[in-house]
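**Q** Attaching a single structure in structure tokens format; questions to follow.
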4 protein chains.
Amino acid sequence: MGNAIRVTIWNEFRHEKKDQHIGQIYPVGIHGAIAEGFEQAGGFEVRTATLDEPEHGLPQDVIDNTDVFVWWGHMAHGDVSDDVVSRVHKRVLDGAGLIVLHSGHFSKIFKRLMGTTCDLKWREADEKERLWVISQGHPIVEGIGQYIELAQEEMYGEPFGIPEPDELIFVSWFQGGEVFRSGACYQRGAGKVFYFRPGHETYPTYYNEEIRRVIANAARWARPVAREVGATGNQDPIEDLPWYDRKHAVTEQFGDATLV
Amino acid sequence: MGNAIRVTIWNEFRHEKKDQHIGQIYPVGIHGAIAEGFEQAGGFEVRTATLDEPEHGLPQDVIDNTDVFVWWGHMAHGDVSDDVVSRVHKRVLDGAGLIVLHSGHFSKIFKRLMGTTCDLKWREADEKERLWVISQGHPIVEGIGQYIELAQEEMYGEPFGIPEPDELIFVSWFQGGEVFRSGACYQRGAGKVFYFRPGHETYPTYYNEEIRRVIANAARWARPVAREVGATGNQDPIEDLPWYDRKHAVTEQFGDATLV
Amino acid sequence: MGNAIRVTIWNEFRHEKKDQHIGQIYPVGIHGAIAEGFEQAGGFEVRTATLDEPEHGLPQDVIDNTDVFVWWGHMAHGDVSDDVVSRVHKRVLDGAGLIVLHSGHFSKIFKRLMGTTCDLKWREADEKERLWVISQGHPIVEGIGQYIELAQEEMYGEPFGIPEPDELIFVSWFQGGEVFRSGACYQRGAGKVFYFRPGHETYPTYYNEEIRRVIANAARWARPVAREVGATGNQDPIEDLPWYDRKHAVTEQFGDATLV
Amino acid sequence: MGNAIRVTIWNEFRHEKKDQHIGQIYPVGIHGAIAEGFEQAGGFEVRTATLDEPEHGLPQDVIDNTDVFVWWGHMAHGDVSDDVVSRVHKRVLDGAGLIVLHSGHFSKIFKRLMGTTCDLKWREADEKERLWVISQGHPIVEGIGQYIELAQEEMYGEPFGIPEPDELIFVSWFQGGEVFRSGACYQRGAGKVFYFRPGHETYPTYYNEEIRRVIANAARWARPVAREVGATGNQDPIEDLPWYDRKHAVTEQFGDATLV
């Protein structure tokens, strides 16, 4: 626990290069702004990776040496290779953390982990968002007041097509009349997933100190726990079953399929 | 609510044809035995479908006219077409029920809805299983005593690679020393999913009156609820945002991607 | 399931008698307006009970013949006898339903079942409330659109001092800037509890057709399930423990205490 | 987070004094054995308190300076003063942790926080217990294998009269044929509660290294989070409601009752 948490911030990094206005808000990319937040917080070893790098910056050894992934994507979810998604998926189920930000709700990795549409309402109207803390004692809200207010953000509204969260951390109020489950925790396999709503590319949200604090808190919460997950597959009994021939405990085969 | 619930029982239906012993236990197929249970219970309109029929017996109009699916598969999960799985997946998220039985834990449809490995321990040792009721007042256990005992079943043991259930209904005790979350409820989109453990093909489990009762109860619990799910996508504000031009509410396009 | 559900609507019934304005809104009491909603819905056998009746209208035989309680109280929670609360508490744990309305959040029965403060923010400002449906396929929202809008209501805001709901059904948006978990389901023992926020005494909320529909749906969802809850206390083993003397299975006594 | 967690171990401490056999197993009391485990683990500032001390060893300043309570009681739950229970209850809702051990399931503090009977099956038969890890990546099981085996323990069996846990960590298998939810997490107010089953007074369970590890992990998980919980009570609007007179925001009174 005393060691640095190894965070890999993945960013699509296209809006910043294509759109001058966005490039001015995030001159070192959204990943750069988020990385700065982690460095301020301290206790993290931060790496970034972006879509247009080889293997999207996520070769196997980066995956293996990541405790917590942060994921921002929007206009190019379809360009992310299924193989890379499978690698991240496996690593999360094996114990890594995953923090999915804003439009990452439609990323392949989030949809695969949720199993649902992950669809929602949205509107770009420069409106006010107020994220109310729902779970009063959760480590993700350590140091956060009763709400976080963002003067201008994109609206996301219910219905949000996600499974019922294991823990609901924030609910947003929007000026235009909607609400949204803005902070949601899930356990998936041995890993932990946190979806956090704010951060449209046209607003300087990732410079906000409270938003940065939530993301750093979430990475601490989502860090892997040191233990070996129990065995699966064919198993001999622990208790004595006198009639049972333990040599039998081999996997039967029907063609290629390993049967269960 | 007074109307019959339209149930479609899907069975792989290969073990019964390939293995004489299993064929004798289930002469009209596992689906046939389950269908008989629904007919005893009353209030259902039952249809069956099997892997080797065209479109696995699940063309779009069957999907559209199904309230609750029951799914049994084991040795041929890989032979189920991804298109058919996508149809069932969509129909469940839109409100249908899905009861996944036993080795269906490794079916494509269950894994897609869960987002996890769905892996587990297993053993074929003719051992005793005792399914303890955990959720005392759940409609799925209506009429069920404090446990269901099965003299011989396959063992499934923890860790079971599923998300934490929304409601945990049964936990099994096995003679060889393991436990298992044997009855687990999930909400996914507007649909409901119930995983129910018992029913290895070499045992006459689907003739057991209590097992049949649980399955019928689960189908009643999982029937669709009559309502229209709220709109998603780009939305004008409900409250007045004076600076906002409502004509703006069209979907922006970046190449092919519909942005959110 | 085809039988009428026996509902007992409990109302404090003091505001209506003390305050002329409120008496005009609810000339037959809040309980009367709610009862009317159940009668419109059909399928219920409705009884009402109020604070100033003997035993608050809840003698043991009424308790025993109630499937679902509806509870409205506000200014006189402290006048409700602890004995009556204990009766209702026991009946809920034994399988009855309980629908707690609005200011009933501070009732003795709700606080005892929740174990927490049940405190919240509030304001009487004739402001707009919009209850968004969060759980898309839950039977409590059968027939309900994507939200219910109330032109004027009292505001309740987070933090709401309740345990994390088993299922979160509604979240409210308030004009003054707050959000609130407005519809929350709990299982407690064999019983089901639904908290539903709207219904301040100065507004005609219980004449609203959608509010009435939610309350009737909730009563159907909360009706008892027919089964005997499993035994507790000292038990002989089910499996053979050769060294164990079954005659031993009597309750030891230390003074008065039954030990566990 | 770097600071020592202040743990107060509360023990009834009567069995050890009344029964010679138990006194030999726990010569410095059950609290003493548990305290030793915390000291081995490191990072804790440990205090103990027992029933027969003034105010049961829990005067207000001890309460105020406790981050996490550990609670063992059995034969004298009724002797614990309601005032002391209320103090602990308030401190937990305000953010402290509470680890309830074994027969503490029937303690006043646990029953008040759960709101249910907390009843269960039990048997003293020197039988084997195997606690299976259910939640693979939870911090409470850091360093724990796939199960913990105890050669002899008291049996506790379902139905266990608790609310559905927020997170289910362990399920026990018992030799006599029962199962039990042996490790269960709850959030209550800003505080966290962990119920952990093992530890009957006639067995040396609290010397077991794995049991000690779970208890220390649980105390780390349950430590308070540094934040101020949001305000409750009457509140002016955050957004402008032009018709609303902010001076109105005072608490109305009906007799003694503060209305909500």
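Labels used: A, B, ... for chains in the order of the structure tokens, numbers from 1 for residues in each chain, and numbers from 1 for ligands as shown.
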Can you pull out every residue within 12 Å of segment 36-47 of chain A, counting only C-alpha atoms, but drop anything in the same chain fewer than 6 positions away, and send it as number ranges by chain?

**A** A: 1-11, 26, 28-30, 57-58, 62-63, 65-70, 205-220, 223; D: 1-2

**Q** Would you kindly return, as a ChimeraX atom specification, each protein, DNA or RNA residue with an atom no farther than 10 Å from any atom of Leu113 of chain C, considering only C-alpha atoms and excluding same-chain residues fewer than 4 positions away?

**A** /C:89,92-93,108-109,186-189,193 /D:111-116,163

**Q** Determine, for each residue of chain A having at least one atom at most 7 Å from an atom of chain C, the closest pair of atoms and their separation in Å to one decimal, counting only C-alpha atoms; order by chain and ascending number, as a tab-separated table.

**A**
residue	atom	partner	partner_atom	distance
A:Ile134	CA	C:Pro159	CA	6.2
A:Glu158	CA	C:Ile134	CA	6.8
A:Pro159	CA	C:Ile134	CA	6.2
A:Trp173	CA	C:Val179	CA	6.3
A:Gly177	CA	C:Trp173	CA	6.8
A:Glu178	CA	C:Trp173	CA	6.7
A:Val179	CA	C:Trp173	CA	6.2

**Q** Would you mind writing down, as a PyMOL selection string, each residue of segment 95-254 of chain B that DSSP on the backbone assigns to helix (DSSP H, G or I)?

**A** chain B and resi 102-106+108-114+139-141+205-207+209-222+246-248

**Q** Could you tell me how far atom CA of Phe196 of chain D sits from atom CA of Ser182 of chain D, in Å to one decimal place?

**A**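 Result for atom CA of Ser182 of chain D versus atom CA of Phe196 of chain D: 5.6 Å, one decimal.
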
**Q** Just the strand (DSSP E) stuff from segment 12-249 of chain D, please, per backbone DSSP, written as a short mmCIF file (atom, residue, chain, number, x, y, z; two decimals) with C-alpha atoms, in the first residue's frame.

**A**
data_model
loop_
_atom_site.label_atom_id
_atom_site.label_comp_id
_atom_site.auth_asym_id
_atom_site.auth_seq_id
_atom_site.Cartn_x
_atom_site.Cartn_y
_atom_site.Cartn_z
CA PHE D 44 -3.00 0.65 14.50
CA GLU D 45 -3.34 2.41 17.82
CA VAL D 46 -5.27 -0.13 19.89
CA ARG D 47 -7.42 0.33 22.97
CA THR D 48 -9.72 -2.16 24.65
CA ALA D 49 -12.95 -1.66 26.57
CA THR D 50 -15.14 -4.16 28.41
CA VAL D 68 -12.96 1.77 14.16
CA PHE D 69 -14.83 -0.25 16.79
CA VAL D 70 -14.55 -4.04 17.07
CA TRP D 71 -17.46 -5.64 18.95
CA TRP D 72 -17.65 -9.04 20.64
CA GLY D 97 -16.10 1.88 11.26
CA LEU D 98 -17.66 -1.03 13.14
CA ILE D 99 -16.55 -4.66 12.94
CA VAL D 100 -19.11 -6.95 14.53
CA LEU D 101 -17.79 -10.39 15.42
CA LYS D 121 -29.53 -21.06 13.02
CA TRP D 122 -26.79 -22.29 15.34
CA ARG D 123 -25.23 -25.46 16.73
CA GLU D 124 -22.23 -26.28 18.91
CA ALA D 125 -20.89 -29.49 17.44
CA ASP D 126 -17.14 -29.00 17.02
CA GLU D 127 -17.59 -29.12 13.28
CA LYS D 128 -15.50 -27.87 10.41
CA GLU D 129 -16.12 -24.46 8.83
CA ARG D 130 -14.74 -23.37 5.49
CA LEU D 131 -15.12 -19.66 4.69
CA TRP D 132 -15.05 -19.22 0.90
CA VAL D 133 -14.01 -15.85 -0.53
CA TYR D 147 -10.86 -20.06 1.60
CA ILE D 148 -10.12 -20.08 5.31
CA GLU D 149 -10.61 -23.42 7.04
CA LEU D 150 -11.34 -23.70 10.75
CA ALA D 151 -11.13 -27.24 12.11
CA GLN D 152 -13.77 -26.67 14.78
CA GLU D 153 -16.27 -23.88 15.17
CA GLU D 154 -19.84 -23.24 16.17
CA MET D 155 -22.22 -23.49 13.22
CA TYR D 156 -24.28 -20.49 12.12
CA GLY D 157 -26.76 -21.17 9.32
CA GLU D 167 -20.98 -6.44 -0.54
CA LEU D 168 -20.86 -10.13 0.32
CA ILE D 169 -17.28 -11.14 1.13
CA PHE D 170 -17.41 -14.67 2.56
CA VAL D 171 -19.85 -17.58 2.49
CA SER D 172 -19.26 -20.44 4.95
CA TRP D 173 -19.68 -24.15 4.34
CA PHE D 174 -20.39 -26.23 7.45
CA VAL D 179 -24.22 -22.38 4.60
CA PHE D 180 -23.93 -18.85 5.99
CA ARG D 181 -23.11 -15.33 4.77
CA SER D 182 -20.00 -15.02 6.96
CA GLY D 183 -18.59 -11.70 5.83
CA ALA D 184 -20.92 -8.85 4.95
CA CYS D 185 -20.27 -5.13 4.33
CA TYR D 186 -22.68 -2.27 4.85
CA GLN D 187 -22.50 1.50 4.51
CA ARG D 188 -24.59 3.24 7.17
CA GLY D 191 -19.73 4.86 8.40
CA LYS D 192 -18.91 1.33 7.37
CA VAL D 193 -19.97 -1.89 9.05
CA PHE D 194 -18.44 -5.33 8.57
CA TYR D 195 -19.99 -8.42 10.09
CA PHE D 196 -17.55 -11.34 10.40
CA GLY D 233 -32.55 20.64 7.59
CA ASN D 234 -34.21 23.68 6.09
#

**Q** If I take atom CA of Gly23 of chain B and atom CA of Glu201 of chain B, how far is one from the other in Å, to one decimal?

**A**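 Atom-to-atom, atom CA of Gly23 of chain B and atom CA of Glu201 of chain B are spaced 9.3 Å apart.
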
**Q** Using Å and a single decimal, report how far atom CA of His200 of chain D sits from atom CA of Gly32 of chain D.

**A**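 According to the coordinates, atom CA of Gly32 of chain D and atom CA of His200 of chain D are separated by 15.0 Å.
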